[in-house]
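Below you'll find the structure, written out as structure tokens, and then a few comments.
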Amino acid sequence: MAGDPFYVTTPIYYANAEPTIGHAYTTVLGDVLARYHRLFGDDTYYLTGADEHGLKVQQAAEARGVAPQRHADEMSARFKDLFQRLEITNDDFIRTTEPRHKRVVQEFLQRSHDNGDIYKGTYKGWYNVREEMFVTESEKDDLKDDVAAGRVIELEEENYFFRLSKYQQWLIDYLNANPDFIAPDTRRNEVLGFLRQPLNDLCVSRPATRLKWGIPLPFDDKYVTYVWFDALINYVSALGWDTGDTALFKKYWPSALHLIGKDILKPHCVYWPMMLKSVGLKPPRQILAHGWWCAPDGSKLSKTIHGSGLFLWLADQYGVDEFRYFLMRGRAVAQDGGVDERTFVDRITSDLSNDLGNLLSRTVKMVQQYCGGKVPTARSCDAKDEGLEAIAGRARKRVRELIDAIELHNAIEEIMSVVRATNRYIVAREPWALFKDGKNELLDATLYHCLEILRLAGVALSPVMPAKCAELLRQIGAPAANGASGPQGCWEQAMAWGGLEPGAVVPGGEPLFPRVAALKGQPGAVPSDMGKVEKPLERVAQQPTEKAAKAERKAADRFTAPDGAKAAAGTEMPGGAGAPGGAGAPEGLITIDEFFKAQLRTAEIVEAKRHPNADRLLVLQIALGEERRQIVAGIAAYFKPEELVGKRIAVVANLVPAKLRGEVSQGMLLAAKDSAGRLTLLTTSDPAFPSGCEIS
Ligand code: MSP
């Protein structure tokens, strides 16, 4: 494939514990970038994998009573399963226990040793047994409990060291000459901060007597390789560096973009460039450190088991593409953020159901009603049409720039702003009125523009929501344009105006993003592992800390689906319903959440008669889509029953049924009353909106 090489990597994930939201986030981020770059025509390679050596994996395996290799096999399979569920299109999944990796690590160590950068020395000082890290005097002072418990011990032993100090000035100069090497700037400054201090050389070995689960040093098999030195090399071992099969390496190194969490800045931004320099390799193109996902109370997520389960549970409950959308749209890559189910649902409701899904369903419905279900003739009639074409053209350019700058949330917002502009364009154009007045040319232009914007949004969002966008494109009769499986390198062409063929069938289909009626979470219903996956591998039950338990209780409170209907039960008169503002809203106001509890829908009155026992009431039979209902309304003083039949009105559809003077009422109609006491029903005459539509 022609095009610039684009090599994107995630950290390789520790095979000691279950995958969490953090792993899902970095991997979805890498996938979305890889898919965009494929669409842009770049020669793309996406690598992820598992870090399978080290004390943590050895200990996790011991705790289960299985061999480390078996534990690593099972854990890596968990990661692979998760990535499949999340529609990840990685080109390779590297495991550090694979022979292809071990061989490269040994070659790397040997070269570094041969050129004098690895030497044997004696370490005397403090050592954190659990973290497998040497600890400075001042760090030890902060770990008093660990020292007392024997988790941080005094140690004197012979080991091999890598000369970090030799490359310190070189790295400072490199960072100064290449300001984009580490992003964002805050992280770059953090790294420059480390480099201002004198650097101790890095201990790159562990005696095999203490740690068995590692790659033996090629020059001294009484030692195994320190897990970080081993793990970092995955970025070149997966490309076959120096193994005879160097085609991938030649093509993709050093175009690498390493995506990492901010927790692993030092190994990536200090050790790794120096290690590469030591064997004569160039540093990667860029290292991007993203922010941290937190539990709703802001605590670190990976420690709150419940919190990490919640995220994956969200994907199961609300859809993988919605989850991917939320992760990418929710916040800037560099920022930290907490999340809960409410925030998630609000985001997908407003962007996906109300903006994109609504544009799709109303457009398809109108095309089917007014244009025989086929793409109408492509023409522009006035400045409004041209304006829409112009903003779509700007978006094509802007999205590409924003993806290059890794501002995914802004790129998505750019696309969604075009979608929202198109919804406003429909309201301004009133296609239903054009149809009624026989203004066919303008009607065709309007609906063509709506379909074409939908097509462009479907292409531009396909890296974020591959399955949903493929379905969107199918529903409007457009060809697929997904980076992974569809045409590669077609961004300019696919995003050019006018891709839809007039006359093509617009088949439509099920609503793409059905509105979420109520939160699905129930206290205690969120699984502690990862939703639908098999039971956790660990044998030891984890007790939540008091802090985690508190966060859990807080989250559980938020998930309780409120019984919104109770407040309105028995309401009889038009305009009479409405619960007062609940917690979180000032006196006299309601929150948007409370408003969304009311299901407002269009309904058609199919029959109307007087109430047998009450002069002021009428008994109406209404159609709500396919459903028939009876509602009793206090409007007999204002309307004759026969005037009402055929009217398309607005009703509250989720009231608890009530009996009004012996007649069941299953909803309430909406009406407006003026100061003179006149009453009018809220109706719609737009033929594109039959009974049963949601009103929001
Ligand atoms: N094995 C090392 C990485 C070696 S790379 C040569 C490691 N593994 S890890 O399993 O702990 O994964 C760390 C990475 O997972 C983070 O850098 C980040 O990409 C992701 N995350 C884990 N938890 C996270 C959050 N709560 N939020 C965001 N991402 C975090 O470190």
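Chain identifiers are assigned as A, B, and so on, following the order in which chains appear in the structure tokens; residues are numbered from 1 within each chain, and ligands are numbered from 1 in order of appearance.
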How would you write, as a PDB file with N, CA and C atoms, in the first residue's frame, the set of residues no farther than 7 Å from ligand 1 when counting only C-alpha atoms and all ligand atoms?
```pdb
ATOM      1  N   THR A  10      -0.159   0.411  21.558  1.00  0.00           N
ATOM      2  CA  THR A  10      -0.634   0.623  22.939  1.00  0.00           C
ATOM      3  C   THR A  10       0.445   0.047  23.859  1.00  0.00           C
ATOM      4  N   PRO A  11       0.367   0.348  25.156  1.00  0.00           N
ATOM      5  CA  PRO A  11       1.252  -0.393  26.064  1.00  0.00           C
ATOM      6  C   PRO A  11       0.867  -1.871  25.963  1.00  0.00           C
ATOM      7  N   ILE A  12       1.787  -2.754  26.265  1.00  0.00           N
ATOM      8  CA  ILE A  12       1.365  -4.155  26.365  1.00  0.00           C
ATOM      9  C   ILE A  12       0.911  -4.348  27.811  1.00  0.00           C
ATOM     10  N   TYR A  13      -0.241  -4.991  27.952  1.00  0.00           N
ATOM     11  CA  TYR A  13      -0.929  -4.989  29.247  1.00  0.00           C
ATOM     12  C   TYR A  13      -0.471  -6.155  30.115  1.00  0.00           C
ATOM     13  N   TYR A  14      -0.334  -5.857  31.417  1.00  0.00           N
ATOM     14  CA  TYR A  14       0.115  -6.895  32.341  1.00  0.00           C
ATOM     15  C   TYR A  14      -0.861  -8.060  32.350  1.00  0.00           C
ATOM     16  N   THR A  20      -9.306  -3.826  32.316  1.00  0.00           N
ATOM     17  CA  THR A  20     -10.176  -2.785  32.890  1.00  0.00           C
ATOM     18  C   THR A  20     -10.509  -1.750  31.822  1.00  0.00           C
ATOM     19  N   ILE A  21     -11.282  -0.782  32.234  1.00  0.00           N
ATOM     20  CA  ILE A  21     -11.622   0.331  31.340  1.00  0.00           C
ATOM     21  C   ILE A  21     -10.381   1.017  30.781  1.00  0.00           C
ATOM     22  N   GLY A  22      -9.334   1.131  31.589  1.00  0.00           N
ATOM     23  CA  GLY A  22      -8.128   1.826  31.132  1.00  0.00           C
ATOM     24  C   GLY A  22      -7.545   1.106  29.925  1.00  0.00           C
ATOM     25  N   HIS A  23      -7.491  -0.222  30.023  1.00  0.00           N
ATOM     26  CA  HIS A  23      -6.977  -0.994  28.889  1.00  0.00           C
ATOM     27  C   HIS A  23      -7.899  -0.816  27.685  1.00  0.00           C
ATOM     28  N   TYR A  25      -9.775   1.706  27.047  1.00  0.00           N
ATOM     29  CA  TYR A  25      -9.672   3.076  26.522  1.00  0.00           C
ATOM     30  C   TYR A  25      -8.474   3.232  25.581  1.00  0.00           C
ATOM     31  N   THR A  26      -7.289   2.841  26.051  1.00  0.00           N
ATOM     32  CA  THR A  26      -6.104   3.035  25.196  1.00  0.00           C
ATOM     33  C   THR A  26      -6.271   2.242  23.900  1.00  0.00           C
ATOM     34  N   ASP A  51       2.018  -8.158  28.388  1.00  0.00           N
ATOM     35  CA  ASP A  51       3.299  -8.136  29.093  1.00  0.00           C
ATOM     36  C   ASP A  51       3.233  -9.307  30.083  1.00  0.00           C
ATOM     37  N   TRP A 228      10.529  -4.301  32.731  1.00  0.00           N
ATOM     38  CA  TRP A 228      10.341  -3.121  31.883  1.00  0.00           C
ATOM     39  C   TRP A 228      11.294  -3.126  30.686  1.00  0.00           C
ATOM     40  N   ALA A 231       9.778  -5.549  28.357  1.00  0.00           N
ATOM     41  CA  ALA A 231       8.489  -5.140  27.770  1.00  0.00           C
ATOM     42  C   ALA A 231       8.642  -4.057  26.705  1.00  0.00           C
ATOM     43  N   LEU A 232       9.478  -3.059  26.970  1.00  0.00           N
ATOM     44  CA  LEU A 232       9.586  -1.941  26.019  1.00  0.00           C
ATOM     45  C   LEU A 232      10.039  -2.418  24.632  1.00  0.00           C
ATOM     46  N   ASN A 234       9.085  -4.758  23.001  1.00  0.00           N
ATOM     47  CA  ASN A 234       8.008  -5.308  22.156  1.00  0.00           C
ATOM     48  C   ASN A 234       7.749  -4.446  20.931  1.00  0.00           C
ATOM     49  N   LEU A 259       1.003   5.182  22.246  1.00  0.00           N
ATOM     50  CA  LEU A 259      -0.049   5.683  23.137  1.00  0.00           C
ATOM     51  C   LEU A 259       0.187   5.061  24.502  1.00  0.00           C
ATOM     52  N   ILE A 260       0.207   5.895  25.522  1.00  0.00           N
ATOM     53  CA  ILE A 260       0.414   5.355  26.879  1.00  0.00           C
ATOM     54  C   ILE A 260      -0.475   6.116  27.854  1.00  0.00           C
ATOM     55  N   GLY A 261      -0.703   5.536  29.017  1.00  0.00           N
ATOM     56  CA  GLY A 261      -1.325   6.283  30.097  1.00  0.00           C
ATOM     57  C   GLY A 261      -0.242   7.101  30.786  1.00  0.00           C
ATOM     58  N   LYS A 262      -0.666   8.130  31.491  1.00  0.00           N
ATOM     59  CA  LYS A 262       0.329   9.027  32.108  1.00  0.00           C
ATOM     60  C   LYS A 262       1.108   8.326  33.223  1.00  0.00           C
ATOM     61  N   ASP A 263       0.642   7.141  33.640  1.00  0.00           N
ATOM     62  CA  ASP A 263       1.312   6.401  34.712  1.00  0.00           C
ATOM     63  C   ASP A 263       2.654   5.815  34.283  1.00  0.00           C
ATOM     64  N   ILE A 264       2.859   5.667  32.974  1.00  0.00           N
ATOM     65  CA  ILE A 264       4.074   4.960  32.553  1.00  0.00           C
ATOM     66  C   ILE A 264       4.956   5.859  31.676  1.00  0.00           C
ATOM     67  N   GLY A 291      -4.928  10.853  29.573  1.00  0.00           N
ATOM     68  CA  GLY A 291      -5.371  11.040  30.963  1.00  0.00           C
ATOM     69  C   GLY A 291      -5.918   9.759  31.558  1.00  0.00           C
ATOM     70  N   TRP A 292      -6.412   9.893  32.742  1.00  0.00           N
ATOM     71  CA  TRP A 292      -6.814   8.748  33.545  1.00  0.00           C
ATOM     72  C   TRP A 292      -8.318   8.691  33.671  1.00  0.00           C
ATOM     73  N   TRP A 293      -8.898   7.521  33.514  1.00  0.00           N
ATOM     74  CA  TRP A 293     -10.325   7.344  33.810  1.00  0.00           C
ATOM     75  C   TRP A 293     -10.455   7.003  35.290  1.00  0.00           C
ATOM     76  N   CYS A 294     -11.361   7.697  35.943  1.00  0.00           N
ATOM     77  CA  CYS A 294     -11.515   7.532  37.393  1.00  0.00           C
ATOM     78  C   CYS A 294     -12.910   6.985  37.699  1.00  0.00           C
ATOM     79  N   LYS A 300      -8.892   6.353  42.020  1.00  0.00           N
ATOM     80  CA  LYS A 300      -8.217   5.636  40.935  1.00  0.00           C
ATOM     81  C   LYS A 300      -9.026   4.387  40.585  1.00  0.00           C
ATOM     82  N   LEU A 301      -9.299   4.231  39.332  1.00  0.00           N
ATOM     83  CA  LEU A 301     -10.241   3.218  38.924  1.00  0.00           C
ATOM     84  C   LEU A 301      -9.751   1.788  39.054  1.00  0.00           C
ATOM     85  N   SER A 302      -8.503   1.567  38.679  1.00  0.00           N
ATOM     86  CA  SER A 302      -8.043   0.188  38.654  1.00  0.00           C
ATOM     87  C   SER A 302      -8.105  -0.438  40.046  1.00  0.00           C
TER      88      SER A 302
END
```
*Contact residues around segment 206-208 of chain A with only C-alpha atoms at 6 Å, ignoring same-chain residues under 3 positions, as a list in words*: Leu211, Lys212, Lys222, Tyr223 and Val224 of chain A
*Could you name the residues that touch segment 177-186 of chain A at 10 Å or less, counting only C-alpha atoms, but leaving out those on the same chain fewer than 3 positions away, as a list in words?*
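Here the answer would be Leu171, Ile172, Asp173, Tyr174, Asn189, Glu190, Val191, Leu192, Leu257, His258, Leu259, Leu265, His268, Cys269, Pro283, Pro284, Arg285, Gln286, Ile287, Leu288, Ala289, His290, Val333, Ala334, Gln335 and Ile406 of chain A.
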Can those selected residues be exported to a file as a compact mmCIF listing (two decimals), in the first residue's frame so that it contains N, CA, C and O atoms?
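Heads up, here's the output in out-v8.txt:
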```txt
# COMPACT_ATOMS: atom_id res chain seq x y z
N LEU A 171 19.42 13.08 25.74
CA LEU A 171 17.95 13.08 25.72
C LEU A 171 17.40 14.50 25.94
O LEU A 171 16.44 14.91 25.28
N ILE A 172 18.05 15.24 26.84
CA ILE A 172 17.60 16.63 27.06
C ILE A 172 17.70 17.41 25.74
O ILE A 172 16.76 18.09 25.33
N ASP A 173 18.81 17.24 25.06
CA ASP A 173 19.00 17.95 23.78
C ASP A 173 17.96 17.49 22.76
O ASP A 173 17.40 18.30 22.01
N TYR A 174 17.69 16.19 22.78
CA TYR A 174 16.71 15.66 21.81
C TYR A 174 15.32 16.25 22.07
O TYR A 174 14.62 16.66 21.13
N ASN A 189 7.07 18.49 29.99
CA ASN A 189 7.73 19.24 31.06
C ASN A 189 8.04 18.34 32.25
O ASN A 189 9.07 18.50 32.91
N GLU A 190 7.12 17.39 32.50
CA GLU A 190 7.36 16.45 33.60
C GLU A 190 8.64 15.66 33.33
O GLU A 190 9.48 15.47 34.22
N VAL A 191 8.80 15.23 32.09
CA VAL A 191 9.98 14.43 31.73
C VAL A 191 11.25 15.30 31.83
O VAL A 191 12.27 14.87 32.39
N LEU A 192 11.15 16.53 31.35
CA LEU A 192 12.32 17.42 31.47
C LEU A 192 12.66 17.62 32.95
O LEU A 192 13.84 17.74 33.31
N LEU A 257 3.85 5.89 16.81
CA LEU A 257 3.17 6.72 17.80
C LEU A 257 2.85 5.79 18.96
O LEU A 257 2.04 4.86 18.82
N HIS A 258 3.51 6.01 20.11
CA HIS A 258 3.22 5.18 21.28
C HIS A 258 2.13 5.85 22.10
O HIS A 258 2.34 6.96 22.61
N LEU A 259 1.00 5.18 22.25
CA LEU A 259 -0.05 5.68 23.14
C LEU A 259 0.19 5.06 24.50
O LEU A 259 0.32 3.83 24.60
N LEU A 265 4.99 7.11 32.11
CA LEU A 265 5.74 8.12 31.36
C LEU A 265 7.25 7.86 31.41
O LEU A 265 7.94 7.92 30.39
N HIS A 268 8.75 5.01 29.29
CA HIS A 268 8.64 5.27 27.85
C HIS A 268 9.45 6.47 27.39
O HIS A 268 10.02 6.46 26.30
N CYS A 269 9.45 7.51 28.20
CA CYS A 269 10.04 8.76 27.71
C CYS A 269 11.50 8.92 28.15
O CYS A 269 12.20 9.78 27.63
N PRO A 283 14.69 7.18 18.03
CA PRO A 283 13.51 7.18 18.91
C PRO A 283 12.22 7.10 18.09
O PRO A 283 12.24 7.43 16.90
N PRO A 284 11.12 6.69 18.72
CA PRO A 284 9.84 6.70 17.99
C PRO A 284 9.47 8.14 17.63
O PRO A 284 10.01 9.08 18.21
N ARG A 285 8.50 8.29 16.71
CA ARG A 285 8.11 9.65 16.27
C ARG A 285 7.48 10.44 17.42
O ARG A 285 7.80 11.59 17.64
N GLN A 286 6.58 9.80 18.16
CA GLN A 286 5.89 10.54 19.22
C GLN A 286 5.39 9.60 20.32
O GLN A 286 5.04 8.45 20.05
N ILE A 287 5.39 10.14 21.54
CA ILE A 287 4.80 9.40 22.67
C ILE A 287 3.68 10.28 23.21
O ILE A 287 3.92 11.44 23.57
N LEU A 288 2.48 9.74 23.20
CA LEU A 288 1.33 10.52 23.66
C LEU A 288 0.80 9.92 24.96
O LEU A 288 0.37 8.76 24.97
N ALA A 289 0.83 10.72 26.03
CA ALA A 289 0.33 10.21 27.31
C ALA A 289 -1.09 10.72 27.53
O ALA A 289 -1.32 11.93 27.55
N HIS A 290 -2.02 9.78 27.64
CA HIS A 290 -3.42 10.21 27.83
C HIS A 290 -3.76 10.28 29.31
O HIS A 290 -3.01 9.80 30.17
N VAL A 333 -8.14 13.85 25.00
CA VAL A 333 -7.26 12.71 25.27
C VAL A 333 -6.38 12.94 26.50
O VAL A 333 -6.19 12.05 27.32
N ALA A 334 -5.89 14.15 26.66
CA ALA A 334 -4.94 14.41 27.75
C ALA A 334 -5.59 14.55 29.12
O ALA A 334 -4.92 14.50 30.14
N GLN A 335 -6.92 14.71 29.14
CA GLN A 335 -7.57 14.99 30.43
C GLN A 335 -7.94 13.74 31.21
O GLN A 335 -8.18 12.69 30.63
N ILE A 406 -4.57 14.59 17.09
CA ILE A 406 -5.14 13.68 18.10
C ILE A 406 -6.12 14.41 19.02
O ILE A 406 -6.15 14.21 20.23
```
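Each of A:Val364, A:Ala383, A:Leu109, A:Ala433 was compared to Leu276 of chain A using only C-alpha atoms, and A:Leu109 turns out to be the nearest.
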_For the structure I just gave you, how does DSSP split segment 27-163 of chain A - specifically, which residues are strand (DSSP E or B)? Reply as JSON, numbers by chain._
{"A": [43, 44, 45, 46, 47, 48, 49, 50, 51, 92, 93, 94, 95, 118, 119, 120, 121, 122, 123, 124, 125, 126, 127, 128, 133, 134, 135, 152, 153, 154, 155, 156, 157, 158, 159, 160, 161, 162]}
Can you list, as a compact mmCIF listing (two decimals) with N, CA, C and O atoms, in the first residue's frame, every protein, DNA or RNA residue that comes within 10 Å of Trp170 of chain A when you count only C-alpha atoms, leaving out same-chain residues fewer than 5 positions away?
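Listing of out_2.txt after writing:
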```txt
# COMPACT_ATOMS: atom_id res chain seq x y z
N SER A 165 22.77 7.36 32.84
CA SER A 165 23.46 8.64 33.02
C SER A 165 24.23 9.05 31.75
O SER A 165 24.30 10.23 31.42
N LEU A 175 14.94 16.31 23.34
CA LEU A 175 13.62 16.87 23.68
C LEU A 175 13.55 18.34 23.29
O LEU A 175 12.51 18.82 22.81
N ASN A 176 14.64 19.05 23.49
CA ASN A 176 14.62 20.47 23.13
C ASN A 176 14.54 20.67 21.61
O ASN A 176 13.88 21.59 21.14
N PRO A 273 13.90 5.75 24.90
CA PRO A 273 14.76 6.41 23.91
C PRO A 273 16.24 6.14 24.15
O PRO A 273 17.01 5.99 23.20
N MET A 274 16.62 6.03 25.44
CA MET A 274 18.05 5.77 25.74
C MET A 274 18.43 4.34 25.36
O MET A 274 19.52 4.10 24.85
N LYS A 277 18.85 4.34 21.66
CA LYS A 277 20.10 5.03 21.29
C LYS A 277 21.30 4.10 21.49
O LYS A 277 22.22 4.05 20.68
```
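Neighbours of Val645 of chain A closer than or equal to 8 Å, with only C-alpha atoms counted and sequence neighbours fewer than 3 positions away skipped, come out as Glu604, Ile605, Val606, Glu607, Ala608, Pro641 and Glu642 of chain A.
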Any chance you could export the current selection's N, CA and C atoms as a PDB file, in the first residue's frame?
```
ATOM      1  N   GLU A 604     -52.795   9.719  17.297  1.00  0.00           N
ATOM      2  CA  GLU A 604     -53.903  10.141  16.437  1.00  0.00           C
ATOM      3  C   GLU A 604     -55.217   9.761  17.111  1.00  0.00           C
ATOM      4  N   ILE A 605     -56.152  10.727  17.157  1.00  0.00           N
ATOM      5  CA  ILE A 605     -57.462  10.421  17.761  1.00  0.00           C
ATOM      6  C   ILE A 605     -58.276   9.659  16.716  1.00  0.00           C
ATOM      7  N   VAL A 606     -58.654   8.430  17.061  1.00  0.00           N
ATOM      8  CA  VAL A 606     -59.402   7.635  16.068  1.00  0.00           C
ATOM      9  C   VAL A 606     -60.898   7.585  16.402  1.00  0.00           C
ATOM     10  N   GLU A 607     -61.232   7.894  17.635  1.00  0.00           N
ATOM     11  CA  GLU A 607     -62.643   7.875  18.029  1.00  0.00           C
ATOM     12  C   GLU A 607     -62.805   8.800  19.234  1.00  0.00           C
ATOM     13  N   ALA A 608     -63.945   9.512  19.312  1.00  0.00           N
ATOM     14  CA  ALA A 608     -64.158  10.393  20.477  1.00  0.00           C
ATOM     15  C   ALA A 608     -65.639  10.360  20.848  1.00  0.00           C
ATOM     16  N   PRO A 641     -66.985  16.073  20.085  1.00  0.00           N
ATOM     17  CA  PRO A 641     -66.215  14.845  19.826  1.00  0.00           C
ATOM     18  C   PRO A 641     -65.855  14.685  18.355  1.00  0.00           C
ATOM     19  N   GLU A 642     -66.804  14.964  17.452  1.00  0.00           N
ATOM     20  CA  GLU A 642     -66.531  14.714  16.029  1.00  0.00           C
ATOM     21  C   GLU A 642     -65.442  15.625  15.463  1.00  0.00           C
TER      22      GLU A 642
END
```
*What separation in Å, quoted to one decimal, exists between atom CA of Leu461 of chain A and atom CA of Thr446 of chain A?*
22.5 Å
Please identify all polymer residues within 10 Å of segment 391-394 of chain A, counting only C-alpha atoms, omitting same-chain residues fewer than 5 positions from it, and present them as an mmCIF file with C-alpha atoms, in the first residue's frame.
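Ended up saving to result.cif:
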```cif
data_model
loop_
_atom_site.group_PDB
_atom_site.id
_atom_site.type_symbol
_atom_site.label_atom_id
_atom_site.label_comp_id
_atom_site.auth_asym_id
_atom_site.auth_seq_id
_atom_site.Cartn_x
_atom_site.Cartn_y
_atom_site.Cartn_z
ATOM 1 C CA GLU A 386 -24.895 25.804 -0.680
ATOM 2 C CA VAL A 399 -11.630 16.474 10.808
ATOM 3 C CA GLU A 414 -17.056 18.966 14.153
ATOM 4 C CA ILE A 415 -19.067 16.167 12.533
ATOM 5 C CA SER A 417 -22.188 20.161 14.468
ATOM 6 C CA VAL A 418 -22.899 19.481 10.776
ATOM 7 C CA VAL A 419 -25.561 16.961 11.824
ATOM 8 C CA ALA A 421 -27.072 22.191 11.387
ATOM 9 C CA GLU A 452 -25.780 13.384 1.663
ATOM 10 C CA ILE A 453 -24.946 14.844 5.084
ATOM 11 C CA LEU A 456 -20.753 12.042 5.092
ATOM 12 C CA ALA A 457 -21.418 11.644 8.827
ATOM 13 C CA MET A 495 -15.983 12.832 1.833
ATOM 14 C CA ALA A 496 -16.484 14.787 -1.407
ATOM 15 C CA TRP A 497 -19.976 16.176 -1.912
#
```
*Give the alpha helix (DSSP H) residues of segment 302-379 of chain A, as assigned by DSSP on the backbone, as a PyMOL selection string.*
chain A and resi 305-318+320-329+341-347+358-370
Would you kindly return, as an mmCIF file with N, CA and C atoms, in the first residue's frame, each protein, DNA or RNA residue with an atom no farther than 8 Å from any atom of segment 86-93 of chain A, considering only C-alpha atoms and excluding same-chain residues fewer than 6 positions away?
```cif
data_model
loop_
_atom_site.group_PDB
_atom_site.id
_atom_site.type_symbol
_atom_site.label_atom_id
_atom_site.label_comp_id
_atom_site.auth_asym_id
_atom_site.auth_seq_id
_atom_site.Cartn_x
_atom_site.Cartn_y
_atom_site.Cartn_z
ATOM 1 N N ALA A 24 -9.204 -0.860 27.959
ATOM 2 C CA ALA A 24 -10.164 -0.687 26.858
ATOM 3 C C ALA A 24 -9.967 0.688 26.221
ATOM 4 N N THR A 27 -6.856 1.055 24.015
ATOM 5 C CA THR A 27 -6.945 0.196 22.842
ATOM 6 C C THR A 27 -7.988 0.716 21.848
ATOM 7 N N VAL A 28 -9.099 1.254 22.362
ATOM 8 C CA VAL A 28 -10.083 1.864 21.449
ATOM 9 C C VAL A 28 -9.471 3.113 20.804
ATOM 10 N N ASP A 31 -7.328 2.044 18.084
ATOM 11 C CA ASP A 31 -8.120 1.509 16.976
ATOM 12 C C ASP A 31 -8.743 2.630 16.148
ATOM 13 N N ARG A 35 -7.971 3.289 12.286
ATOM 14 C CA ARG A 35 -9.020 3.289 11.255
ATOM 15 C C ARG A 35 -9.043 4.609 10.484
ATOM 16 N N TYR A 45 -0.177 0.403 10.643
ATOM 17 C CA TYR A 45 0.079 -0.858 11.348
ATOM 18 C C TYR A 45 -0.241 -0.620 12.819
ATOM 19 N N TYR A 46 -1.104 -1.466 13.372
ATOM 20 C CA TYR A 46 -1.568 -1.241 14.748
ATOM 21 C C TYR A 46 -1.182 -2.440 15.626
ATOM 22 N N LEU A 47 -0.419 -2.126 16.675
ATOM 23 C CA LEU A 47 0.096 -3.186 17.554
ATOM 24 C C LEU A 47 -0.424 -3.019 18.982
ATOM 25 N N THR A 48 -0.881 -4.125 19.554
ATOM 26 C CA THR A 48 -1.146 -4.159 20.988
ATOM 27 C C THR A 48 -0.611 -5.502 21.487
ATOM 28 N N GLY A 49 -0.787 -5.802 22.768
ATOM 29 C CA GLY A 49 -0.261 -7.084 23.232
ATOM 30 C C GLY A 49 -0.275 -7.232 24.739
ATOM 31 N N ALA A 50 0.439 -8.248 25.211
ATOM 32 C CA ALA A 50 0.427 -8.565 26.646
ATOM 33 C C ALA A 50 1.848 -8.680 27.179
ATOM 34 N N ALA A 238 8.024 -6.880 17.646
ATOM 35 C CA ALA A 238 6.847 -7.222 16.828
ATOM 36 C C ALA A 238 7.082 -6.904 15.360
ATOM 37 N N VAL A 320 -21.660 -1.550 22.062
ATOM 38 C CA VAL A 320 -20.211 -1.348 21.950
ATOM 39 C C VAL A 320 -19.895 -0.035 21.220
ATOM 40 N N ASP A 321 -20.631 0.242 20.144
ATOM 41 C CA ASP A 321 -20.323 1.466 19.401
ATOM 42 C C ASP A 321 -20.656 2.701 20.219
ATOM 43 N N ARG A 324 -17.749 3.082 22.552
ATOM 44 C CA ARG A 324 -16.582 3.645 21.854
ATOM 45 C C ARG A 324 -16.790 5.145 21.639
ATOM 46 N N PRO A 466 -17.889 1.678 14.012
ATOM 47 C CA PRO A 466 -17.862 0.967 12.726
ATOM 48 C C PRO A 466 -19.175 0.266 12.381
ATOM 49 N N ALA A 484 -11.441 -0.449 8.108
ATOM 50 C CA ALA A 484 -10.868 -1.778 8.308
ATOM 51 C C ALA A 484 -11.174 -2.704 7.141
#
```
*Hey, can you check how far atom CA of Lys647 of chain A sits from atom CA of Glu510 of chain A?*
26.4 Å
